[in-house]
>>> print(open('run.txt').read())   # compact mmCIF, C-alpha atoms
# COMPACT_ATOMS: atom_id res chain seq x y z
CA MET B 1 -8.73 27.81 -32.47
CA GLN B 2 -9.07 26.57 -28.91
CA ILE B 3 -7.24 23.78 -27.17
CA ASN B 4 -9.66 20.94 -26.63
CA LYS B 5 -8.50 17.57 -25.28
CA ILE B 6 -12.01 16.18 -24.93
CA LYS B 7 -12.89 13.06 -26.94
CA THR B 8 -16.26 11.41 -27.29
CA GLU B 9 -15.28 7.81 -28.13
CA ILE B 10 -13.17 5.48 -26.00
CA ALA B 11 -11.58 4.08 -29.19
CA GLU B 12 -10.33 7.60 -29.94
CA MET B 13 -8.81 7.80 -26.46
CA LEU B 14 -6.81 4.60 -27.09
CA SER B 15 -6.00 5.13 -30.78
CA ASP B 16 -2.20 5.33 -30.26
CA VAL B 17 -1.90 2.27 -28.00
CA PHE B 18 0.35 -0.44 -29.50
CA ASP B 19 1.39 -4.04 -28.82
CA GLY B 20 4.16 -4.21 -26.22
CA ALA B 21 3.29 -0.83 -24.67
CA THR B 22 3.94 -0.04 -21.01
CA ILE B 23 0.72 1.21 -19.46
CA MET B 24 0.17 2.68 -16.00
CA VAL B 25 -3.23 2.00 -14.51
CA GLY B 26 -4.33 4.41 -11.80
CA GLY B 27 -6.26 3.55 -8.69
CA PHE B 28 -5.68 1.82 -5.37
CA GLY B 29 -7.79 -1.31 -5.43
CA GLU B 30 -11.04 -0.06 -6.92
CA ALA B 31 -10.79 3.57 -5.76
CA GLY B 32 -9.81 5.52 -8.87
CA SER B 33 -9.67 2.45 -11.12
CA PRO B 34 -10.44 3.49 -14.74
CA ILE B 35 -12.71 0.56 -15.54
CA GLU B 36 -14.27 1.94 -18.73
CA LEU B 37 -10.84 2.73 -20.24
CA LEU B 38 -9.62 -0.76 -19.29
CA HIS B 39 -12.63 -2.29 -21.02
CA GLY B 40 -11.81 -0.08 -24.00
CA LEU B 41 -8.31 -1.56 -23.98
CA ILE B 42 -9.81 -5.05 -24.13
CA ASP B 43 -11.88 -3.99 -27.16
CA HIS B 44 -8.71 -2.44 -28.67
CA GLY B 45 -6.93 -5.78 -28.33
CA ALA B 46 -3.32 -4.60 -27.75
CA LYS B 47 -1.11 -7.47 -26.57
CA ASP B 48 2.13 -8.09 -24.65
CA LEU B 49 1.43 -5.15 -22.39
CA THR B 50 3.41 -4.27 -19.28
CA ILE B 51 1.08 -2.94 -16.60
CA ILE B 52 2.24 -0.69 -13.76
CA ALA B 53 -0.36 -0.47 -11.01
CA ASN B 54 -0.63 -0.95 -7.26
CA ASN B 55 -2.73 -4.10 -7.58
CA SER B 56 -3.52 -6.77 -10.12
CA GLY B 57 -7.29 -6.53 -10.44
CA ASN B 58 -10.39 -8.09 -8.95
CA GLY B 59 -12.92 -10.45 -10.49
CA ARG B 60 -13.30 -10.27 -14.26
CA VAL B 61 -13.91 -6.53 -14.59
CA GLY B 62 -11.43 -3.73 -15.30
CA LEU B 63 -7.79 -4.74 -14.79
CA GLY B 64 -8.83 -8.26 -13.74
CA ALA B 65 -10.63 -8.64 -17.09
CA LEU B 66 -7.71 -7.26 -19.12
CA ILE B 67 -5.32 -9.74 -17.48
CA GLY B 68 -7.87 -12.52 -18.02
CA GLN B 69 -7.80 -11.77 -21.76
CA LYS B 70 -4.05 -12.59 -21.75
CA GLN B 71 -3.17 -9.14 -23.08
CA VAL B 72 -0.64 -8.57 -20.29
CA LYS B 73 2.81 -10.16 -20.18
CA LYS B 74 4.07 -8.45 -17.03
CA VAL B 75 2.68 -6.67 -13.98
CA ILE B 76 4.77 -4.28 -11.87
CA CYS B 77 2.92 -3.73 -8.59
CA SER B 78 3.16 -3.74 -4.78
CA PHE B 79 0.33 -6.10 -3.94
CA ALA B 80 -0.82 -8.74 -6.42
CA ARG B 81 -2.83 -10.72 -3.87
CA SER B 82 -6.33 -9.27 -3.72
CA ALA B 83 -9.24 -10.82 -1.84
CA LYS B 84 -11.34 -10.94 -5.01
CA GLY B 85 -8.48 -11.41 -7.46
CA ILE B 86 -8.86 -14.35 -9.88
CA THR B 87 -7.22 -13.82 -13.26
CA PHE B 88 -3.71 -12.76 -12.20
CA GLN B 89 -3.53 -15.65 -9.75
CA GLU B 90 -4.57 -18.15 -12.44
CA LEU B 91 -1.96 -16.97 -14.94
CA TYR B 92 0.77 -16.55 -12.29
CA ASN B 93 0.29 -20.09 -11.02
CA LYS B 94 0.61 -21.37 -14.60
CA GLY B 95 3.76 -19.28 -15.14
CA GLU B 96 2.04 -17.30 -17.90
CA ILE B 97 2.54 -13.82 -16.46
CA GLU B 98 5.58 -12.05 -15.01
CA LEU B 99 5.52 -10.14 -11.74
CA GLU B 100 7.85 -7.46 -10.39
CA VAL B 101 7.08 -6.75 -6.74
CA VAL B 102 7.87 -3.20 -5.62
CA PRO B 103 7.34 -1.69 -2.16
CA GLN B 104 4.38 0.66 -2.43
CA GLY B 105 6.29 3.83 -1.56
CA THR B 106 9.15 2.90 -3.87
CA LEU B 107 6.57 2.30 -6.61
CA ALA B 108 5.06 5.76 -6.04
CA GLU B 109 8.49 7.42 -5.91
CA ARG B 110 9.73 5.62 -9.05
CA ILE B 111 6.65 6.94 -10.86
CA ARG B 112 7.07 10.45 -9.41
CA ALA B 113 10.76 10.42 -10.38
CA ALA B 114 9.92 9.49 -13.97
CA GLY B 115 7.50 12.38 -14.22
CA SER B 116 10.08 14.78 -12.79
CA GLY B 117 13.04 13.82 -14.99
CA ILE B 118 14.90 11.98 -12.21
CA PRO B 119 16.37 8.73 -13.62
CA ALA B 120 17.05 7.06 -10.27
CA PHE B 121 17.20 7.73 -6.54
CA TYR B 122 18.41 6.13 -3.32
CA THR B 123 15.96 4.88 -0.70
CA ALA B 124 16.07 3.02 2.62
CA ALA B 125 12.94 0.99 1.86
CA ALA B 126 13.69 -2.70 1.25
CA VAL B 127 17.33 -2.47 2.40
CA GLY B 128 18.37 -5.89 3.73
CA THR B 129 15.38 -7.66 2.18
CA PRO B 130 15.04 -9.98 -0.84
CA LEU B 131 13.79 -7.00 -2.89
CA ALA B 132 17.22 -5.33 -2.56
CA ILE B 133 19.08 -8.17 -4.27
CA GLY B 134 21.01 -6.99 -7.31
CA LYS B 135 20.54 -3.30 -6.50
CA GLU B 136 23.40 -0.89 -5.90
CA GLU B 137 23.93 -0.04 -2.22
CA LYS B 138 25.37 3.21 -0.90
CA ILE B 139 25.87 4.64 2.57
CA PHE B 140 24.86 8.22 3.33
CA ASN B 141 25.41 9.62 6.84
CA GLY B 142 26.09 6.12 8.13
CA LYS B 143 22.84 4.65 6.83
CA LYS B 144 22.44 2.14 4.00
CA TYR B 145 20.33 2.91 0.92
CA ILE B 146 19.60 1.15 -2.37
CA LEU B 147 19.34 2.62 -5.86
CA GLU B 148 15.91 2.48 -7.49
CA GLU B 149 15.23 3.51 -11.08
CA ALA B 150 12.42 5.68 -12.43
CA LEU B 151 9.39 3.96 -13.98
CA ASN B 152 8.34 5.51 -17.27
CA ALA B 153 5.30 4.53 -19.30
CA ASP B 154 3.89 5.04 -22.76
CA PHE B 155 0.34 5.56 -21.50
CA ALA B 156 -1.52 6.08 -18.23
CA LEU B 157 -5.18 5.15 -17.86
CA ILE B 158 -6.65 7.42 -15.20
CA LYS B 159 -10.00 8.08 -13.56
CA ALA B 160 -10.53 11.62 -12.27
CA ASP B 161 -13.58 13.35 -10.87
CA VAL B 162 -13.79 16.68 -12.73
CA SER B 163 -11.92 18.25 -15.65
CA ASP B 164 -12.14 21.13 -18.07
CA ARG B 165 -11.10 20.93 -21.74
CA TYR B 166 -7.47 21.73 -20.79
CA GLY B 167 -7.26 18.67 -18.55
CA ASN B 168 -7.13 20.49 -15.22
CA LEU B 169 -8.07 17.60 -12.96
CA THR B 170 -9.54 17.14 -9.52
CA PHE B 171 -10.00 13.77 -7.88
CA LYS B 172 -12.41 12.41 -5.31
CA LYS B 173 -11.19 11.54 -1.80
CA THR B 174 -8.80 8.56 -1.70
CA ALA B 175 -9.47 7.89 -5.39
CA ARG B 176 -6.63 10.39 -5.96
CA ASN B 177 -3.87 7.91 -4.95
CA PHE B 178 -1.44 7.14 -7.82
CA ASN B 179 -3.36 9.12 -10.44
CA PRO B 180 -1.60 12.54 -10.34
CA ILE B 181 1.91 11.04 -10.44
CA MET B 182 0.99 8.59 -13.22
CA CYS B 183 -0.33 11.53 -15.29
CA MET B 184 3.17 13.04 -14.91
CA ALA B 185 5.10 9.86 -15.74
CA ALA B 186 3.37 8.68 -18.93
CA LYS B 187 3.97 10.02 -22.43
CA GLN B 188 0.20 10.09 -22.91
CA SER B 189 -2.18 10.26 -19.97
CA LEU B 190 -5.70 9.29 -20.93
CA ILE B 191 -8.35 10.43 -18.48
CA GLN B 192 -11.93 9.37 -17.86
CA VAL B 193 -13.77 11.95 -15.78
CA ARG B 194 -17.13 11.85 -14.07
CA LYS B 195 -17.89 15.45 -14.99
CA LEU B 196 -16.67 18.03 -17.51
CA ILE B 197 -16.86 21.72 -16.68
CA GLU B 198 -16.08 24.97 -18.51
CA PRO B 199 -12.61 26.47 -17.91
CA HIS B 200 -14.06 29.51 -16.12
CA GLN B 201 -15.66 27.11 -13.62
CA THR B 202 -12.28 25.63 -12.69
CA ASN B 203 -10.91 27.10 -9.47
CA PRO B 204 -7.14 27.34 -10.11
CA GLU B 205 -6.51 26.99 -6.36
CA ASN B 206 -8.12 23.56 -6.39
CA VAL B 207 -6.52 21.97 -9.45
CA ILE B 208 -4.66 18.81 -8.40
CA THR B 209 -3.22 17.83 -11.79
CA PRO B 210 -2.58 20.77 -14.15
CA GLY B 211 -3.52 20.19 -17.79
CA ILE B 212 0.09 20.05 -19.03
CA PHE B 213 0.18 16.45 -17.72
CA VAL B 214 -2.98 15.42 -19.59
CA LYS B 215 -3.31 14.28 -23.23
CA LYS B 216 -6.94 13.19 -23.76
CA ILE B 217 -10.16 13.34 -21.72
CA ILE B 218 -13.50 11.57 -21.99
CA GLU B 219 -16.60 12.02 -19.85
CA ILE B 220 -17.97 8.85 -18.25
CA ASP B 221 -20.63 10.27 -15.98
CA ASN B 222 -21.76 7.11 -14.24
CA PRO B 223 -18.71 4.84 -14.01
CA ILE B 224 -18.86 1.19 -13.01
CA ILE B 225 -18.28 0.57 -9.29
CA GLU B 226 -16.08 -2.51 -9.10
CA THR B 227 -17.47 -3.98 -5.87
CA ASN B 228 -21.03 -3.71 -7.15
CA ALA B 229 -20.11 -5.07 -10.60
CA ILE B 230 -18.42 -8.12 -9.07
CA GLU B 231 -21.35 -8.72 -6.71
CA GLU B 232 -23.70 -8.56 -9.70
CA GLY B 233 -21.57 -11.15 -11.47
CA MET B 234 -20.32 -8.84 -14.23
CA ILE B 235 -17.80 -10.43 -16.62
CA TYR B 236 -16.12 -8.36 -19.36
CA PRO B 237 -16.20 -8.76 -22.33
CA MET H 1 18.08 -24.83 15.15
CA THR H 2 14.85 -26.79 15.37
CA LYS H 3 12.01 -24.80 16.75
CA LYS H 4 10.09 -26.18 19.70
CA ASN H 5 6.33 -26.38 19.60
CA PHE H 6 4.36 -25.19 22.60
CA THR H 7 0.99 -26.75 21.97
CA ASN H 8 -0.23 -26.34 25.55
CA ALA H 9 0.95 -22.75 25.78
CA GLU H 10 -0.20 -20.48 28.58
CA LYS H 11 -3.09 -18.13 27.90
CA GLY H 12 -1.93 -14.53 27.61
CA TRP H 13 -3.52 -11.10 27.44
CA GLU H 14 -6.58 -10.67 25.22
CA ARG H 15 -6.03 -8.66 22.03
CA GLY H 16 -7.88 -5.66 23.50
CA VAL H 17 -5.47 -5.60 26.44
CA ILE H 18 -2.44 -5.62 24.13
CA ALA H 19 -4.07 -2.85 22.06
CA SER H 20 -4.66 -0.71 25.15
CA LYS H 21 -0.99 -1.05 26.18
CA ILE H 22 0.06 0.26 22.77
CA ALA H 23 -2.57 3.02 22.92
CA ASN H 24 -1.17 4.17 26.27
CA ASP H 25 2.33 4.40 24.79
CA LEU H 26 1.30 6.69 21.91
CA PRO H 27 1.87 10.29 23.06
CA HIS H 28 -0.61 13.11 22.51
CA ALA H 29 -0.45 14.66 19.01
CA SER H 30 1.33 11.68 17.43
CA TYR H 31 0.93 10.88 13.75
CA VAL H 32 0.34 7.13 13.62
CA ASN H 33 -0.04 4.46 10.94
CA LEU H 34 -1.85 1.33 12.11
CA GLY H 35 -1.35 -1.83 10.05
CA ILE H 36 -4.24 -3.87 8.75
CA GLY H 37 -5.72 -6.46 11.14
CA MET H 38 -4.93 -6.62 14.85
CA PRO H 39 -3.18 -3.19 15.01
CA GLU H 40 -6.43 -1.51 13.94
CA LEU H 41 -7.77 -2.28 17.44
CA VAL H 42 -5.36 0.27 18.96
CA SER H 43 -7.51 3.24 17.89
CA GLN H 44 -10.39 1.93 20.06
CA HIS H 45 -8.27 2.24 23.20
CA ILE H 46 -6.98 5.82 23.00
CA LYS H 47 -7.85 7.72 26.19
CA ASP H 48 -9.54 11.14 26.20
CA ASP H 49 -6.37 12.85 27.43
CA ARG H 50 -4.82 12.76 23.96
CA GLU H 51 -5.55 13.26 20.27
CA ILE H 52 -3.90 10.95 17.75
CA ILE H 53 -3.94 11.54 13.99
CA TYR H 54 -4.14 8.39 11.87
CA HIS H 55 -2.44 8.09 8.51
CA SER H 56 -3.54 5.63 5.85
CA GLU H 57 -0.88 5.20 3.20
CA ASN H 58 -3.31 5.41 0.28
CA GLY H 59 -3.41 9.18 0.77
CA LEU H 60 -5.50 9.92 3.85
CA LEU H 61 -4.34 11.83 6.93
CA GLY H 62 -6.96 12.16 9.66
CA MET H 63 -8.67 8.82 9.12
CA GLY H 64 -11.84 8.20 11.11
CA PRO H 65 -13.78 5.06 12.04
CA THR H 66 -15.76 2.70 9.82
CA PRO H 67 -18.85 4.39 8.33
CA ASN H 68 -22.44 3.30 8.80
CA GLU H 69 -23.83 1.12 6.01
CA ASN H 70 -25.62 4.08 4.37
CA GLU H 71 -22.49 6.26 4.41
CA ILE H 72 -20.15 3.86 2.58
CA ASP H 73 -18.21 5.51 -0.25
CA PHE H 74 -15.93 3.25 -2.31
CA ASP H 75 -13.78 6.30 -3.08
CA LEU H 76 -13.01 6.70 0.64
CA ILE H 77 -11.11 3.61 1.73
CA ASN H 78 -8.15 2.68 3.90
CA ALA H 79 -4.97 0.81 3.01
CA GLY H 80 -6.84 -2.47 3.53
CA LYS H 81 -9.31 -1.25 0.86
CA LYS H 82 -12.14 -1.10 3.43
CA PRO H 83 -14.51 1.90 3.59
CA VAL H 84 -13.53 4.44 6.26
CA THR H 85 -14.32 8.07 7.13
CA ILE H 86 -12.29 11.27 7.31
CA LEU H 87 -12.34 13.40 10.47
CA PRO H 88 -12.52 17.23 10.61
CA GLY H 89 -9.00 18.52 10.00
CA GLY H 90 -8.20 15.55 7.75
CA SER H 91 -6.77 15.79 4.26
CA PHE H 92 -6.19 13.80 1.09
CA CYS H 93 -2.95 13.64 -0.89
CA HIS H 94 -1.50 11.59 -3.72
CA HIS H 95 0.55 8.45 -3.19
CA ALA H 96 4.02 10.00 -3.51
CA ASP H 97 3.17 12.66 -0.91
CA SER H 98 1.59 10.05 1.35
CA PHE H 99 4.73 7.91 1.20
CA SER H 100 6.90 11.00 1.71
CA MET H 101 5.14 11.26 5.07
CA ILE H 102 6.40 7.73 5.75
CA ARG H 103 9.78 7.66 4.00
CA GLY H 104 10.66 11.22 5.01
CA GLY H 105 10.37 10.31 8.70
CA HIS H 106 7.21 12.30 9.47
CA ILE H 107 5.15 9.41 10.82
CA ASP H 108 5.88 9.09 14.55
CA TYR H 109 4.70 5.53 15.08
CA CYS H 110 3.67 2.60 12.97
CA VAL H 111 2.16 -0.55 14.43
CA LEU H 112 2.35 -3.77 12.42
CA GLY H 113 1.90 -7.48 12.81
CA ALA H 114 4.77 -9.97 12.58
CA MET H 115 5.61 -13.49 11.55
CA GLU H 116 9.08 -13.21 13.13
CA VAL H 117 11.07 -10.57 15.02
CA SER H 118 14.76 -11.15 15.66
CA MET H 119 16.96 -10.02 18.55
CA ASN H 120 18.50 -7.23 16.47
CA GLY H 121 15.11 -5.88 15.41
CA ASP H 122 14.75 -7.54 12.02
CA LEU H 123 11.13 -7.98 11.02
CA ALA H 124 9.59 -10.61 8.74
CA ASN H 125 5.89 -10.03 8.09
CA TRP H 126 5.22 -10.01 4.35
CA SER H 127 6.01 -13.40 2.91
CA THR H 128 6.01 -17.02 3.96
CA GLY H 129 8.07 -17.69 0.84
CA LYS H 130 5.04 -19.39 -0.73
CA GLY H 131 2.30 -18.08 -3.01
CA ILE H 132 2.23 -14.76 -4.83
CA PRO H 133 4.70 -12.32 -3.25
CA ALA H 134 2.90 -9.12 -2.19
CA VAL H 135 4.52 -6.47 -0.01
CA GLY H 136 2.27 -3.39 -0.06
CA GLY H 137 3.64 -0.54 2.05
CA ALA H 138 5.24 -2.57 4.84
CA MET H 139 8.87 -2.10 3.73
CA ASP H 140 8.41 1.67 3.41
CA LEU H 141 6.75 1.91 6.82
CA VAL H 142 9.45 0.04 8.73
CA ALA H 143 12.24 1.92 6.93
CA GLY H 144 10.70 5.36 7.41
CA ALA H 145 8.55 5.60 10.56
CA LYS H 146 10.33 7.06 13.61
CA ASN H 147 9.19 4.19 15.85
CA VAL H 148 8.15 0.73 14.70
CA PHE H 149 5.93 -1.16 17.14
CA VAL H 150 5.03 -4.79 16.53
CA MET H 151 1.74 -6.21 17.84
CA THR H 152 1.53 -9.98 17.70
CA GLN H 153 0.78 -13.20 19.51
CA HIS H 154 3.92 -14.49 21.22
CA LEU H 155 3.62 -17.86 19.46
CA THR H 156 2.45 -18.87 16.00
CA LYS H 157 -0.79 -20.84 15.56
CA GLU H 158 1.40 -23.95 15.51
CA GLY H 159 2.90 -22.91 18.85
CA LYS H 160 6.29 -21.78 17.59
CA PRO H 161 8.14 -18.75 18.98
CA LYS H 162 7.87 -15.59 16.88
CA LEU H 163 10.68 -13.89 18.79
CA VAL H 164 13.81 -15.50 17.42
CA GLU H 165 17.58 -15.13 17.35
CA LYS H 166 17.56 -14.76 13.57
CA CYS H 167 14.61 -14.58 11.18
CA THR H 168 14.21 -17.49 8.79
CA LEU H 169 11.50 -15.88 6.62
CA PRO H 170 12.14 -13.14 4.01
CA LEU H 171 12.76 -9.82 5.81
CA THR H 172 10.55 -6.74 5.64
CA GLY H 173 13.29 -4.60 7.17
CA SER H 174 16.59 -5.02 8.96
CA GLY H 175 17.10 -3.68 12.49
CA VAL H 176 13.89 -1.67 12.35
CA VAL H 177 11.70 -2.80 15.28
CA SER H 178 11.79 -0.74 18.48
CA ARG H 179 9.25 -2.54 20.67
CA VAL H 180 7.17 -5.73 20.57
CA TYR H 181 3.77 -6.13 22.26
CA THR H 182 2.66 -9.75 22.62
CA ASP H 183 0.05 -11.54 24.69
CA TYR H 184 2.88 -12.55 27.04
CA ALA H 185 4.99 -9.42 27.40
CA VAL H 186 6.06 -5.99 26.23
CA ILE H 187 9.64 -6.24 25.01
CA ASP H 188 12.20 -3.69 23.84
CA ILE H 189 14.80 -4.59 21.24
CA THR H 190 18.25 -3.86 22.73
CA LYS H 191 21.83 -4.78 21.98
CA GLU H 192 21.76 -7.22 24.90
CA GLY H 193 18.64 -9.04 23.71
CA PHE H 194 14.91 -8.95 24.33
CA LYS H 195 14.46 -6.59 27.30
CA ILE H 196 11.27 -7.15 29.29
CA VAL H 197 9.37 -3.90 29.85
CA GLU H 198 6.32 -5.66 31.24
CA ILE H 199 5.49 -9.32 31.66
CA ASN H 200 2.04 -10.88 31.81
CA GLU H 201 1.10 -11.09 35.51
CA ASN H 202 0.41 -14.85 35.24
CA LEU H 203 3.76 -15.77 33.72
CA SER H 204 7.29 -16.16 35.03
CA ILE H 205 10.44 -14.91 33.33
CA GLU H 206 11.56 -18.54 33.12
CA TYR H 207 8.42 -19.43 31.17
CA LEU H 208 8.86 -16.40 28.89
CA GLN H 209 12.42 -17.55 28.18
CA THR H 210 11.25 -21.06 27.22
CA VAL H 211 8.80 -19.68 24.65
CA THR H 212 11.31 -17.18 23.23
CA GLU H 213 14.33 -18.00 21.07
CA GLY H 214 17.10 -15.68 22.13
CA ARG H 215 17.90 -14.12 25.46
CA VAL H 216 15.20 -12.31 27.44
CA TYR H 217 16.21 -10.20 30.43
CA GLN H 218 14.78 -7.66 32.80
>>> encode(input="run.txt", output="structure tokens")
Amino acid sequence: MQINKIKTEIAEMLSDVFDGATIMVGGFGEAGSPIELLHGLIDHGAKDLTIIANNSGNGRVGLGALIGQKQVKKVICSFARSAKGITFQELYNKGEIELEVVPQGTLAERIRAAGSGIPAFYTAAAVGTPLAIGKEEKIFNGKKYILEEALNADFALIKADVSDRYGNLTFKKTARNFNPIMCMAAKQSLIQVRKLIEPHQTNPENVITPGIFVKKIIEIDNPIIETNAIEEGMIYP
Amino acid sequence: MTKKNFTNAEKGWERGVIASKIANDLPHASYVNLGIGMPELVSQHIKDDREIIYHSENGLLGMGPTPNENEIDFDLINAGKKPVTILPGGSFCHHADSFSMIRGGHIDYCVLGAMEVSMNGDLANWSTGKGIPAVGGAMDLVAGAKNVFVMTQHLTKEGKPKLVEKCTLPLTGSGVVSRVYTDYAVIDITKEGFKIVEINENLSIEYLQTVTEGRVYQ
């Protein structure tokens, strides 16, 4: 019997998701944003989710739509103020959603640390700022650092470019961003890919995320482009 | 201390002039991160005697200019989420590697805007204390880049000094700024105060002092 992580239904991808789960959402703005999986999560209906992502969604598609459905209780991100953001802003202004602001590099490193079995690390970023309040300080070689803890997740929703049935992933251009480290940090990384290939077609020299970090894969060959969807007035569901 | 308003402030250098001063101070073969907005102008003023490599913190080293309309790819964007290009010799990496370039001290220069810069090099540029707090990569950049240049107007839109004794807004970093380029002057942060490297040819030191909170000297 062969290993095969490929699924054909989005519901099957999300079958283990539960209320109160912590879910990483890949992408930087719209580049690498797994819109079809996010819409699947709306259909799934899980509530009280904690979302870890760089941003907080645009318009009423993808992450913006999920937040608009009030399925999210907390967002951990670096930049929750997007030009086309609507839903997070609405809920935040009403006090109906929590926000943890994290410097972007600290966010990436907290995710990387989680995937690498490192519970916490010291960093110079945010020293002396409001984001350092309440965090342990330590001096190394005469310079001040603060302690930041790893960010683990139950699931990661990821968009990649190409995969084989093992989950050996490549990404496209700057759509790589947080995706490889989120695959490492989540208990289950759930991947939508533009194209599936046979294992013998995978060039091992070019694999960005090795399959050990991948749980399930689905092919979405013509994914929604967020900018275009918003311009066309798309609202999900 | 109540801030003075300078509503009839003197006209300073145009933004392109400030950008060209920064461009001239970036040495050949530097790895540089330009902040979103005014700092982006710097890349238009690099002379032919040098090659600069631009880093965009979303995982792009070797960033090129804005593409033509028919070449836009929403999977190739900069940190401001605008479509860009990649130059020959450029590369992509994931976010943790990209921020290791910043936090590990590999980026030679970063150029950012400012709301306030204090005499000891504190920078406030991410929050007015109102609205949704959003920091992006600014705190990582100022903590990690070898040299932090600030590019800004000398006064706020309301005519208040941006160079101050002590910042009143939430800090981005403490003691991080090396040099400030404004429409009025180029100023180094030193233990003795704001040291004038170059002053706008139409202004006096006395005038510069009146529109700056904290000691300026030459």
>>> residues_around(input="run.txt", residues="Val111 in chain H", least_positions_apart="4", cutoff="7 Å", atoms="all atoms listed in the file", output="list in words")
Asn33, Leu34, Gly35, Pro39, Val148, Phe149, Val150 and Met151 of chain H
>>> closest_atom_pairs(input="run.txt", of="range 140-226 of chain B", to="range 76-80 of chain B", cutoff="12 Å", atoms="all atoms listed in the file", output="JSON lines")
{"residue": "B:Leu151", "atom": "CA", "partner": "B:Ile76", "partner_atom": "CA", "distance": 9.7}
{"residue": "B:Asn152", "atom": "CA", "partner": "B:Ile76", "partner_atom": "CA", "distance": 11.7}
{"residue": "B:Ala153", "atom": "CA", "partner": "B:Ile76", "partner_atom": "CA", "distance": 11.5}
{"residue": "B:Phe178", "atom": "CA", "partner": "B:Cys77", "partner_atom": "CA", "distance": 11.7}
>>> residues_around(input="run.txt", residues="range 49-59 of chain B", least_positions_apart="2", cutoff="6 Å", atoms="all atoms listed in the file", output="ChimeraX atom specification")
/B:20-25,47,61,63-64,72-80,84-86
>>> closest_residue(input="run.txt", among="H:Leu41, H:Met115, H:Ala23, H:Leu123", to="chain B", atoms="all atoms listed in the file")
H:Leu123
>>> residues_near_point(input="run.txt", point="(-3.4, 6.3, -10.2)", cutoff="9 Å", atoms="only C-alpha atoms", output="NGL selection string")
(:B and (24-28 or 32-34 or 53-54 or 156-159 or 175-183)) or (:H and (94-95))
>>> write_last_selection(input="run.txt", atoms="C-alpha atoms", output="mmCIF file, in the coordinates of the input")
data_model
loop_
_atom_site.group_PDB
_atom_site.id
_atom_site.type_symbol
_atom_site.label_atom_id
_atom_site.label_comp_id
_atom_site.auth_asym_id
_atom_site.auth_seq_id
_atom_site.Cartn_x
_atom_site.Cartn_y
_atom_site.Cartn_z
ATOM 1 C CA MET B 24 0.170 2.680 -16.000
ATOM 2 C CA VAL B 25 -3.230 2.000 -14.510
ATOM 3 C CA GLY B 26 -4.330 4.410 -11.800
ATOM 4 C CA GLY B 27 -6.260 3.550 -8.690
ATOM 5 C CA PHE B 28 -5.680 1.820 -5.370
ATOM 6 C CA GLY B 32 -9.810 5.520 -8.870
ATOM 7 C CA SER B 33 -9.670 2.450 -11.120
ATOM 8 C CA PRO B 34 -10.440 3.490 -14.740
ATOM 9 C CA ALA B 53 -0.360 -0.470 -11.010
ATOM 10 C CA ASN B 54 -0.630 -0.950 -7.260
ATOM 11 C CA ALA B 156 -1.520 6.080 -18.230
ATOM 12 C CA LEU B 157 -5.180 5.150 -17.860
ATOM 13 C CA ILE B 158 -6.650 7.420 -15.200
ATOM 14 C CA LYS B 159 -10.000 8.080 -13.560
ATOM 15 C CA ALA B 175 -9.470 7.890 -5.390
ATOM 16 C CA ARG B 176 -6.630 10.390 -5.960
ATOM 17 C CA ASN B 177 -3.870 7.910 -4.950
ATOM 18 C CA PHE B 178 -1.440 7.140 -7.820
ATOM 19 C CA ASN B 179 -3.360 9.120 -10.440
ATOM 20 C CA PRO B 180 -1.600 12.540 -10.340
ATOM 21 C CA ILE B 181 1.910 11.040 -10.440
ATOM 22 C CA MET B 182 0.990 8.590 -13.220
ATOM 23 C CA CYS B 183 -0.330 11.530 -15.290
ATOM 24 C CA HIS H 94 -1.500 11.590 -3.720
ATOM 25 C CA HIS H 95 0.550 8.450 -3.190
#
>>> interface_residues(input="run.txt", of="chain H", to="chain B", cutoff="10 Å", atoms="only C-alpha atoms", output="PyMOL selection string")
chain H and resi 56-60+73-82+86+91-100+102-103+122-124+131-144+170-175
>>> atom_distance(input="run.txt", atom1="CA of Gly68 in chain B", atom2="CA of Glu36 in chain B")
15.8 Å
>>> atom_distance(input="run.txt", atom1="CA of Met63 in chain H", atom2="CA of Val84 in chain H")
7.1 Å
>>> atom_distance(input="run.txt", atom1="CA of Leu26 in chain H", atom2="CA of Tyr109 in chain H")
7.7 Å
>>> closest_residue(input="run.txt", among="H:Asn70, H:Asn24, H:Asn202, H:Thr212", to="Glu165 in chain H", atoms="all atoms listed in the file")
H:Thr212
>>> residues_around(input="run.txt", residues="Gln69 in chain B", least_positions_apart="4", cutoff="12 Å", atoms="all atoms listed in the file", output="PyMOL selection string")
chain B and resi 38-39+41-49+60-65+73+87-88+90-91+96-97+235-237
>>> axis_aligned_box(input="run.txt", around="range 69-83 of chain B", padding_each_side="6 Å", output="AutoDock Vina command-line options")
--center_x -2.2 --center_y -8.2 --center_z -12.5 --size_x 26.0 --size_y 20.9 --size_z 33.2
>>> residues_around(input="run.txt", residues="His28 in chain H", least_positions_apart="4", cutoff="10 Å", atoms="all atoms listed in the file", output="MDAnalysis selection string")
chainID H and resid 24 46:53
